[in-house]
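**Student:** My questions all concern the structure below.
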Protein chains: 6
Amino acid sequence: MNTLRTLSAALAVASMTSLAHAADPAYFTQTENMRMTRDANGVLLVEMNTNGGPFKFSAKAHEAFVDAFYHISRDRDNKIVILTGKGGQWMGDIDFASFGDVSDPDVWSKVHDEGTQIVENIANIRVPMICAVEGKAWVHTEYCALANVIVAGAGASFNDAPHFAGGIVPGDGIFTTWSYCMGPTRAEALLFDPKPFTAAQAKGYGLVSEVVPDGQAIAKAREIAARYLTKPEVTRRNTRTYFVQPIKLALVQQTGYGLSLEGASAADLVKSMKAAKQ
Amino acid sequence: MNTLRTLSAALAVASMTSLAHAADPAYFTQTENMRMTRDANGVLLVEMNTNGGPFKFSAKAHEAFVDAFYHISRDRDNKIVILTGKGGQWMGDIDFASFGDVSDPDVWSKVHDEGTQIVENIANIRVPMICAVEGKAWVHTEYCALANVIVAGAGASFNDAPHFAGGIVPGDGIFTTWSYCMGPTRAEALLFDPKPFTAAQAKGYGLVSEVVPDGQAIAKAREIAARYLTKPEVTRRNTRTYFVQPIKLALVQQTGYGLSLEGASAADLVKSMKAAKQ
Amino acid sequence: MNTLRTLSAALAVASMTSLAHAADPAYFTQTENMRMTRDANGVLLVEMNTNGGPFKFSAKAHEAFVDAFYHISRDRDNKIVILTGKGGQWMGDIDFASFGDVSDPDVWSKVHDEGTQIVENIANIRVPMICAVEGKAWVHTEYCALANVIVAGAGASFNDAPHFAGGIVPGDGIFTTWSYCMGPTRAEALLFDPKPFTAAQAKGYGLVSEVVPDGQAIAKAREIAARYLTKPEVTRRNTRTYFVQPIKLALVQQTGYGLSLEGASAADLVKSMKAAKQ
Amino acid sequence: MNTLRTLSAALAVASMTSLAHAADPAYFTQTENMRMTRDANGVLLVEMNTNGGPFKFSAKAHEAFVDAFYHISRDRDNKIVILTGKGGQWMGDIDFASFGDVSDPDVWSKVHDEGTQIVENIANIRVPMICAVEGKAWVHTEYCALANVIVAGAGASFNDAPHFAGGIVPGDGIFTTWSYCMGPTRAEALLFDPKPFTAAQAKGYGLVSEVVPDGQAIAKAREIAARYLTKPEVTRRNTRTYFVQPIKLALVQQTGYGLSLEGASAADLVKSMKAAKQ
Amino acid sequence: MNTLRTLSAALAVASMTSLAHAADPAYFTQTENMRMTRDANGVLLVEMNTNGGPFKFSAKAHEAFVDAFYHISRDRDNKIVILTGKGGQWMGDIDFASFGDVSDPDVWSKVHDEGTQIVENIANIRVPMICAVEGKAWVHTEYCALANVIVAGAGASFNDAPHFAGGIVPGDGIFTTWSYCMGPTRAEALLFDPKPFTAAQAKGYGLVSEVVPDGQAIAKAREIAARYLTKPEVTRRNTRTYFVQPIKLALVQQTGYGLSLEGASAADLVKSMKAAKQ
Amino acid sequence: MNTLRTLSAALAVASMTSLAHAADPAYFTQTENMRMTRDANGVLLVEMNTNGGPFKFSAKAHEAFVDAFYHISRDRDNKIVILTGKGGQWMGDIDFASFGDVSDPDVWSKVHDEGTQIVENIANIRVPMICAVEGKAWVHTEYCALANVIVAGAGASFNDAPHFAGGIVPGDGIFTTWSYCMGPTRAEALLFDPKPFTAAQAKGYGLVSEVVPDGQAIAKAREIAARYLTKPEVTRRNTRTYFVQPIKLALVQQTGYGLSLEGASAADLVKSMKAAKQ
């Protein structure tokens, strides 16, 4: 009898849970650093965050985002995807230590494999994608550059904080996407000598599509999304598929090598840091 | 006797016509929507028009232009090609209905085959090509973007009217050429949210080479043509051939797929319109 | 009481199963048409099947395999992947009707998106992949051709049953992979005039690496796997990554267009079948 | 009266001719060295010939074939194209002198432009293409290699007679297509040391699809054509379009450069011949 | 005795020279038109010059620079490379006559081979490369555009003086690099109608990274170099290697053909000049 | 006096040496492991050797061959290049230890840079290249595969001894060239499971062009060279340039990444060997 009761209770709970999130697929809640909500029209809002506040990138996120973007790409109930941050920041910081010993070939093999896969998975999101930037977009802005439209708050700033400044090659797709959006001269200059540039500059450079008052980026993104939704679904999906194809090909050609060269530079950095200690 | 007289008269007319246009090849007069005239230096002026006035694009033109551009490309007596409109407009309108039922696979097969061929044929024009824009360039501006130099009247405006606004994928070469000339961010933004932009903006974006007072675009084009003509013929031909090669390759790689994706979106549009009627 | 008993029994079975495969990730049991088992060395055996017998491909499998191959590719506990069939057949049949009305643009949009994704996901399996063929490999042999090594029983036969013979374009990656492995002349001839060819012929053509007695393909694959496992893990992963890169790039370039052209041909086939009925 | 009679007679002849070929488009009779006939099912037979006998290639044919293949490609009434020779030879000879002074940059500019265009025009034939070879295929076999299927009489032989043996670079598409069909090692060996190889060898090398008794190549081609015709039109067109895409891209990338390098070698050959005379 | 004395003196001089430049490799002094000096940190300064003054490009330099850039690229003691001119000019002039009869196929063969090799050799410099421009950069600015960063004095000007203005195709890498840095529209306009543009304009166009007061370009370049030197060596080498890869590939694909087309135009120019004389 | 005598003697020797090899450029004698001799017709014979006997590859040769092949490519007095071994072996062995600690990022950076450069330098040899194989070709056969023609003694054998068998990725160009010559299936099988294959097999696979009796490979190569020499120089140079272009492009695209992946695998191998020792 006890067994039966426990069993029934367990089944009831399971049923309630599925009632509570009737329409939400499992992956919505499986990525610690992503809050996903979808409105009735299928506009998926992805808010990158750390404990609900500004997002600090980490090795854990590096692994989890690969699958998160994959699930987003595979779910045909997503009609438009908006990628944004939380707590007034898009992505301002990174926890380097979380990656462990990047000179260990097994550690870097994982970074290489995840890094090549993540940009392909974003490119394979086959619905219009909008990036809404507030505050700092200083880390992994290639995720942002893979959107079709980038909306930025006036006070937003862009940068590539983790690579050359930190002593490693910007090899993870950031050069490929920045060069594609802003031209190679500008991309090389900004990556070799990284310092923040404003939303207005980013618009002038060709990275940002629209600058709005601070705090309005998501609202603007939803406005754009609503306009897209007046078109047939196949039109929306195929337009994204067609537009993303050249940069997807470039990423497939370049990112694996870039991450390998970055891995070698990371090993050299560790080596030189060890040497400096002695 | 009557027969004889009629016959003689007909022959006389034919003879006079051929006298009047002694040097003109047959294709000059075979395309209803193109008026072609060539000066003594071999500068071919192609004026797209409908009954002598502003040109309204149609399925008939879609088919005829494929061959027209081919003949232009093959005629070594053409030393420079100037592509322009008539009646103060480059190309402002399109007759969608003329294409018939675009959800019929046989109808779209023709659109696909002609659409991939037309941009290749323009790319294969192996002499310098100048596009002279007055008024609206709202339709098929990829023909324009395949010129080496684009001269626009100050009041000219550019747009992609027929695709996303109409509910179909901009898959016919317009994304490929706009992305090549203006960068992908700008191209995507303008194609996803189509609205006219001015000649001055177009110059700032990198599409237009020179802005002149309204009505002066052809004159300016002729001036540029005259300058090119001072160089040896092989130099002119080979410079065009060399400059056009990267965009030609991109078109060969991308346009077939783009038109296929556009065809699927057109079928979906028809489907959703039929559903809306019920 | 009966209900309770049935329930308990079901739970017990579930529990035993999960005990028996304590270390098995969830995706092992989530794909109806794939039985996955992994030995202590990380050799994953994927047996495609329908109810435990010979596998008949279907729309359901088309959707499920996309994710199945993705999960396989992402799981670093897989050290080698062996892909095979069940019941003496690799893949001999297809349930066309399960795909529904392939002339409906929404139906084909799903086929297109899944079809481009599935070959990319197989290509992204970053450990050596071995295909073990017994019996008929008449459907979707591009999955097989994406392995590094193909072992076939002497009585195995290869074919492309579903495309040109059925009246549609072989656009889903089969031309790309067959052309890559067997040369374009042979691939075109075999796809334009599909009929079975033997394992020995397939070896002569360059598709099959090794022919073994019937029933020995999996054993041979395990033998090869054991040899690979003597090398360091990064060596195994990176060798696969490097070898697969050219064909992965070709698939990314060609498969989307191929599936679009195939979709148009499917719509024309449906149209002509409807016309024939009247 | 005499004038009248001559005129009437001429008109009668013209009328009869046009009656006899009521459905034949103008281009059928515009190429001196091509006899074109089309059966009721749309199978176009193109017989290359010189005065109805074995075809000897010439500068005139080089120019005329460009347009001939274009017209063939553009005519949607052609459902299948069979390319063959006449008088028991596919193409066995070439009239070098007809090209004039190939060291003259204006002469070679024409060769370059026609040569790049001709292979693109053949690649753009968007229906299945079959090459039927009898006798010598010693010149311009890249036209043949661009077919989907090559049928050869048992006594047929293949060669590249005009290039390295004659002292010039095989730069006109022959290396690109031979390398594609037979592999680069074999292509280089055969082009650097040109000598005839048999139909059987050509089949072993991967160039020829089927060998038939002498005199049966066209019949076999018609048999294959009949089989293709049982499939829907869009299927036939799109399969060709898809299959030809990789080699078309290779030709667009390589042929212009190849012909330029060939032109320079021709100029050097002329120079060395002049030097030898002195 | 005299012999002995002369000998001793010669040896002493040789010894002193080698003492003075103890660490300098042989190639430092083997290129007449390049002065090379390297500081203690491995920053190599390459000053192109003619007799210590402004550099006038010549056939001799064309040949010598190929090897000079190769040696620079191969010497791992070079940590950063700064390319500049001398006498207040980067490269303002060219000695056309030094190339001899460019319509001679043997002469142009050398130009073609050196021209394709030189841009590859610069691209293969696997350390950060900075171009410091003062005065005129009117000739071979593709060497400059292959740097990662271009610093220009305010009074510097850019142009492509030798090609279309002189009647030949800009086929030596200048279109490829200008199009890459400044976009194709701008590149084509500037190359078809060459006239000097200022350093400020060049910055707006995306060619120049930084404008400094006249005479400060080298100092600024050294400042940038010092900043780069704070990063690990593998990071510096691999960042350059990664960044240069797309333009290197484009050059390998395009430059040979470009130089061939340029050679044909040069032959036509010579022909037309000879004709004009008669 | 003693000094004088020594000096004179030294000068005399130097003078005699330079007399004996009056026409020989300096690089002929600068590569310890290559003996270079050139006949009166410009046929350069390059014999790889260790102390005059069978050649054992080493880190020193890896560095020196980069420059050796470059000098060979740049010397227009070389009309044909024959690459062979010495002592009855092409290249049968490798001294792994000479490379030092391949898990050190600075060590591998050098391997990566040299390895990408060496295959480009061989590809840039712009005259016909013939590889003459006797005995074992077990190491770096990509140098051989980059020849236009490979002649092998009947007893020669081919293999890839140093990579997968040794626990590292075959990433240095061997997969790219083997896949190009023998097809990817065969290349992958042979590289994943390396064991020697005979000259006859190599011919069947498409790697070897001609098999001759043992000891006759060089003689045969000279015979072929003599035949080539009857053609104009530009023809010979341009044919090589044209034929090598596709594989050169593939090497530029793939080798850097391949060597990076190989470097990571080498680091993992060292790591696992260290772990095994503990």
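For the structure tokens, the naming scheme is as follows: chains receive sequential letters (A, B, ...) according to their order of presentation, residues are indexed from 1 within each chain, and ligands are indexed from 1 in presentation order.
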Least-squares fit chain A onto chain C by Cα, in order, and just send back the RMSD.

**Tutor:**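 Result of the CA superposition: 2.7 Å.
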
**Student:** Within 9 Å of chain B, which residues belong to chain E? Use only C-alpha atoms and report them as a PyMOL selection string.

**Tutor:** chain E and resi 164-171+175-176+183-186+188-189+192-193+254+257-258+261-262+264-269+272

**Student:** Leaving out region 59-75 of chain F and any residue of its chain fewer than 2 positions from it, which residues lie within 7 Å of it when counting only C-alpha atoms, given as a list in words?

**Tutor:**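 Residues meeting the cut-off are Tyr27, Thr31, Asn33, Phe57, Asp77, Asn78, Ser98, Phe99, Glu114, Gln117, Ile118, Asn121, Ile122, Asn124, Ile125 and Arg126 of chain F.
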
**Student:** How would the residues just chosen look if you wrote them out with C-alpha atoms as a PDB file, in the first residue's frame?

**Tutor:**
```pdb
ATOM      1  CA  TYR F  27      72.574  26.025 -53.080  1.00  0.00           C
ATOM      2  CA  THR F  31      72.030  20.957 -48.142  1.00  0.00           C
ATOM      3  CA  ASN F  33      71.196  15.571 -47.234  1.00  0.00           C
ATOM      4  CA  PHE F  57      64.964  11.794 -42.435  1.00  0.00           C
ATOM      5  CA  ASP F  77      68.328  27.209 -65.113  1.00  0.00           C
ATOM      6  CA  ASN F  78      66.574  24.118 -63.822  1.00  0.00           C
ATOM      7  CA  SER F  98      66.132  14.457 -33.711  1.00  0.00           C
ATOM      8  CA  PHE F  99      62.942  16.533 -33.464  1.00  0.00           C
ATOM      9  CA  GLU F 114      58.486  24.392 -41.928  1.00  0.00           C
ATOM     10  CA  GLN F 117      56.260  25.838 -46.213  1.00  0.00           C
ATOM     11  CA  ILE F 118      57.959  22.767 -47.599  1.00  0.00           C
ATOM     12  CA  ASN F 121      57.850  25.213 -52.030  1.00  0.00           C
ATOM     13  CA  ILE F 122      57.706  21.880 -53.856  1.00  0.00           C
ATOM     14  CA  ASN F 124      56.079  26.070 -56.579  1.00  0.00           C
ATOM     15  CA  ILE F 125      58.704  24.243 -58.580  1.00  0.00           C
ATOM     16  CA  ARG F 126      57.516  25.565 -61.914  1.00  0.00           C
TER      17      ARG F 126
END
```

**Student:** Quick one: of E:Lys86, E:Arg76, E:Arg38, E:His112, who's nearest to Phe55 (chain E), counting only C-alpha atoms?

**Tutor:**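 So, comparing all the options, the nearest one is E:Lys86.
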
**Student:** With DSSP run on the backbone, what are the alpha helix (DSSP H) residues within region 64-128 of chain B? I'd like them as a ChimeraX atom specification.

**Tutor:** /B:64-74,105-123

**Student:** If we count only C-alpha atoms, what is near His140 (chain E) at a cut-off of 9 Å, once residues fewer than 6 positions away on the same chain are taken out, given as a ChimeraX atom specification?

**Tutor:** /E:57,91,160-162,172-174

**Student:** Could you list, as a VMD selection string, every residue within 12 Å of Gly153 (chain E), counting only C-alpha atoms and ignoring same-chain residues fewer than 6 positions away?

**Tutor:** chain E and resid 84 88 to 90 131 to 137 198 to 200 202 to 203 208 to 221

**Student:** Determine, counting only C-alpha atoms, which protein, DNA and RNA residues have an atom within 8 Å of an atom of Phe28 (chain D); residues of the same chain fewer than 5 positions away are not included. Present the result as a PyMOL selection string.

**Tutor:** chain D and resi 35-37

**Student:** Pull C-alpha atoms from the residues just selected and write them as a PDB file, in the first residue's frame.

**Tutor:**
```pdb
ATOM      1  CA  ARG D  35      23.841  18.712 -87.631  1.00  0.00           C
ATOM      2  CA  MET D  36      20.973  18.860 -85.156  1.00  0.00           C
ATOM      3  CA  THR D  37      17.897  16.673 -85.231  1.00  0.00           C
TER       4      THR D  37
END
```

**Student:** As an exercise, work out the distance from CA of Glu32 (chain D) to CA of Thr50 (chain D) in Å and give it to one decimal place.

**Tutor:**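 Rounded to one decimal, the two atoms are 7.9 Å apart.
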
**Student:** Which residues are close to Phe158 (chain C), i.e. within 6 Å by only C-alpha atoms, leaving aside same-chain residues fewer than 2 positions away? Reply as a count of residues only.

**Tutor:** 4

**Student:** Name the residues of region 132-270 of chain A that fall into strand (DSSP E or B) according to DSSP on the backbone, using the chain letters and numbers of this document, as a PyMOL selection string.

**Tutor:** chain A and resi 132-133+136-137+149-153+157-158+197-198+210-212

**Student:** Could you take the residues named above and write them with N, CA, C and O atoms, as an mmCIF file, in the first residue's frame?

**Tutor:**
```cif
data_model
loop_
_atom_site.group_PDB
_atom_site.id
_atom_site.type_symbol
_atom_site.label_atom_id
_atom_site.label_comp_id
_atom_site.auth_asym_id
_atom_site.auth_seq_id
_atom_site.Cartn_x
_atom_site.Cartn_y
_atom_site.Cartn_z
ATOM 1 N N ALA A 132 20.576 41.222 -29.095
ATOM 2 C CA ALA A 132 20.242 42.453 -28.367
ATOM 3 C C ALA A 132 21.313 42.707 -27.317
ATOM 4 O O ALA A 132 21.453 41.921 -26.376
ATOM 5 N N VAL A 133 22.071 43.785 -27.512
ATOM 6 C CA VAL A 133 23.232 44.040 -26.659
ATOM 7 C C VAL A 133 22.991 45.231 -25.730
ATOM 8 O O VAL A 133 22.625 46.315 -26.190
ATOM 9 N N LYS A 136 28.382 45.563 -21.692
ATOM 10 C CA LYS A 136 29.599 45.046 -22.317
ATOM 11 C C LYS A 136 29.343 43.807 -23.174
ATOM 12 O O LYS A 136 28.747 42.846 -22.699
ATOM 13 N N ALA A 137 29.834 43.855 -24.376
ATOM 14 C CA ALA A 137 29.924 42.660 -25.212
ATOM 15 C C ALA A 137 31.415 42.487 -25.485
ATOM 16 O O ALA A 137 31.922 42.837 -26.539
ATOM 17 N N VAL A 149 20.692 40.433 -37.330
ATOM 18 C CA VAL A 149 20.558 41.845 -36.971
ATOM 19 C C VAL A 149 21.092 42.006 -35.559
ATOM 20 O O VAL A 149 20.820 41.170 -34.690
ATOM 21 N N ILE A 150 21.872 43.043 -35.344
ATOM 22 C CA ILE A 150 22.377 43.332 -34.000
ATOM 23 C C ILE A 150 21.839 44.695 -33.557
ATOM 24 O O ILE A 150 22.087 45.709 -34.227
ATOM 25 N N VAL A 151 21.096 44.687 -32.462
ATOM 26 C CA VAL A 151 20.559 45.917 -31.882
ATOM 27 C C VAL A 151 21.350 46.198 -30.621
ATOM 28 O O VAL A 151 21.545 45.286 -29.806
ATOM 29 N N ALA A 152 21.809 47.418 -30.452
ATOM 30 C CA ALA A 152 22.622 47.723 -29.273
ATOM 31 C C ALA A 152 22.118 48.967 -28.562
ATOM 32 O O ALA A 152 21.735 49.956 -29.208
ATOM 33 N N GLY A 153 22.122 48.910 -27.251
ATOM 34 C CA GLY A 153 21.861 50.098 -26.455
ATOM 35 C C GLY A 153 22.979 51.107 -26.664
ATOM 36 O O GLY A 153 24.132 50.722 -26.912
ATOM 37 N N SER A 157 29.164 48.544 -25.260
ATOM 38 C CA SER A 157 30.521 48.596 -25.816
ATOM 39 C C SER A 157 30.958 47.201 -26.240
ATOM 40 O O SER A 157 30.509 46.194 -25.685
ATOM 41 N N PHE A 158 31.837 47.171 -27.234
ATOM 42 C CA PHE A 158 32.294 45.908 -27.817
ATOM 43 C C PHE A 158 33.812 45.799 -27.659
ATOM 44 O O PHE A 158 34.523 46.802 -27.694
ATOM 45 N N PHE A 197 35.056 49.541 -28.020
ATOM 46 C CA PHE A 197 34.522 50.571 -28.916
ATOM 47 C C PHE A 197 33.017 50.646 -28.693
ATOM 48 O O PHE A 197 32.374 49.685 -28.305
ATOM 49 N N THR A 198 32.482 51.827 -28.950
ATOM 50 C CA THR A 198 31.090 52.100 -28.585
ATOM 51 C C THR A 198 30.105 51.508 -29.591
ATOM 52 O O THR A 198 30.482 51.127 -30.704
ATOM 53 N N GLU A 210 21.555 48.613 -35.502
ATOM 54 C CA GLU A 210 20.707 49.674 -34.984
ATOM 55 C C GLU A 210 21.112 50.008 -33.544
ATOM 56 O O GLU A 210 21.334 49.105 -32.740
ATOM 57 N N VAL A 211 21.164 51.295 -33.232
ATOM 58 C CA VAL A 211 21.464 51.729 -31.865
ATOM 59 C C VAL A 211 20.189 52.326 -31.266
ATOM 60 O O VAL A 211 19.522 53.145 -31.904
ATOM 61 N N VAL A 212 19.847 51.882 -30.064
ATOM 62 C CA VAL A 212 18.629 52.355 -29.385
ATOM 63 C C VAL A 212 19.021 52.866 -27.999
ATOM 64 O O VAL A 212 20.138 52.624 -27.534
#
```

**Student:** Between CA of Asp39 (chain F) and CA of Val127 (chain F), what is the distance in Å, rounded to a tenth?

**Tutor:**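 For CA of Asp39 (chain F) relative to CA of Val127 (chain F), the distance reads 15.2 Å.
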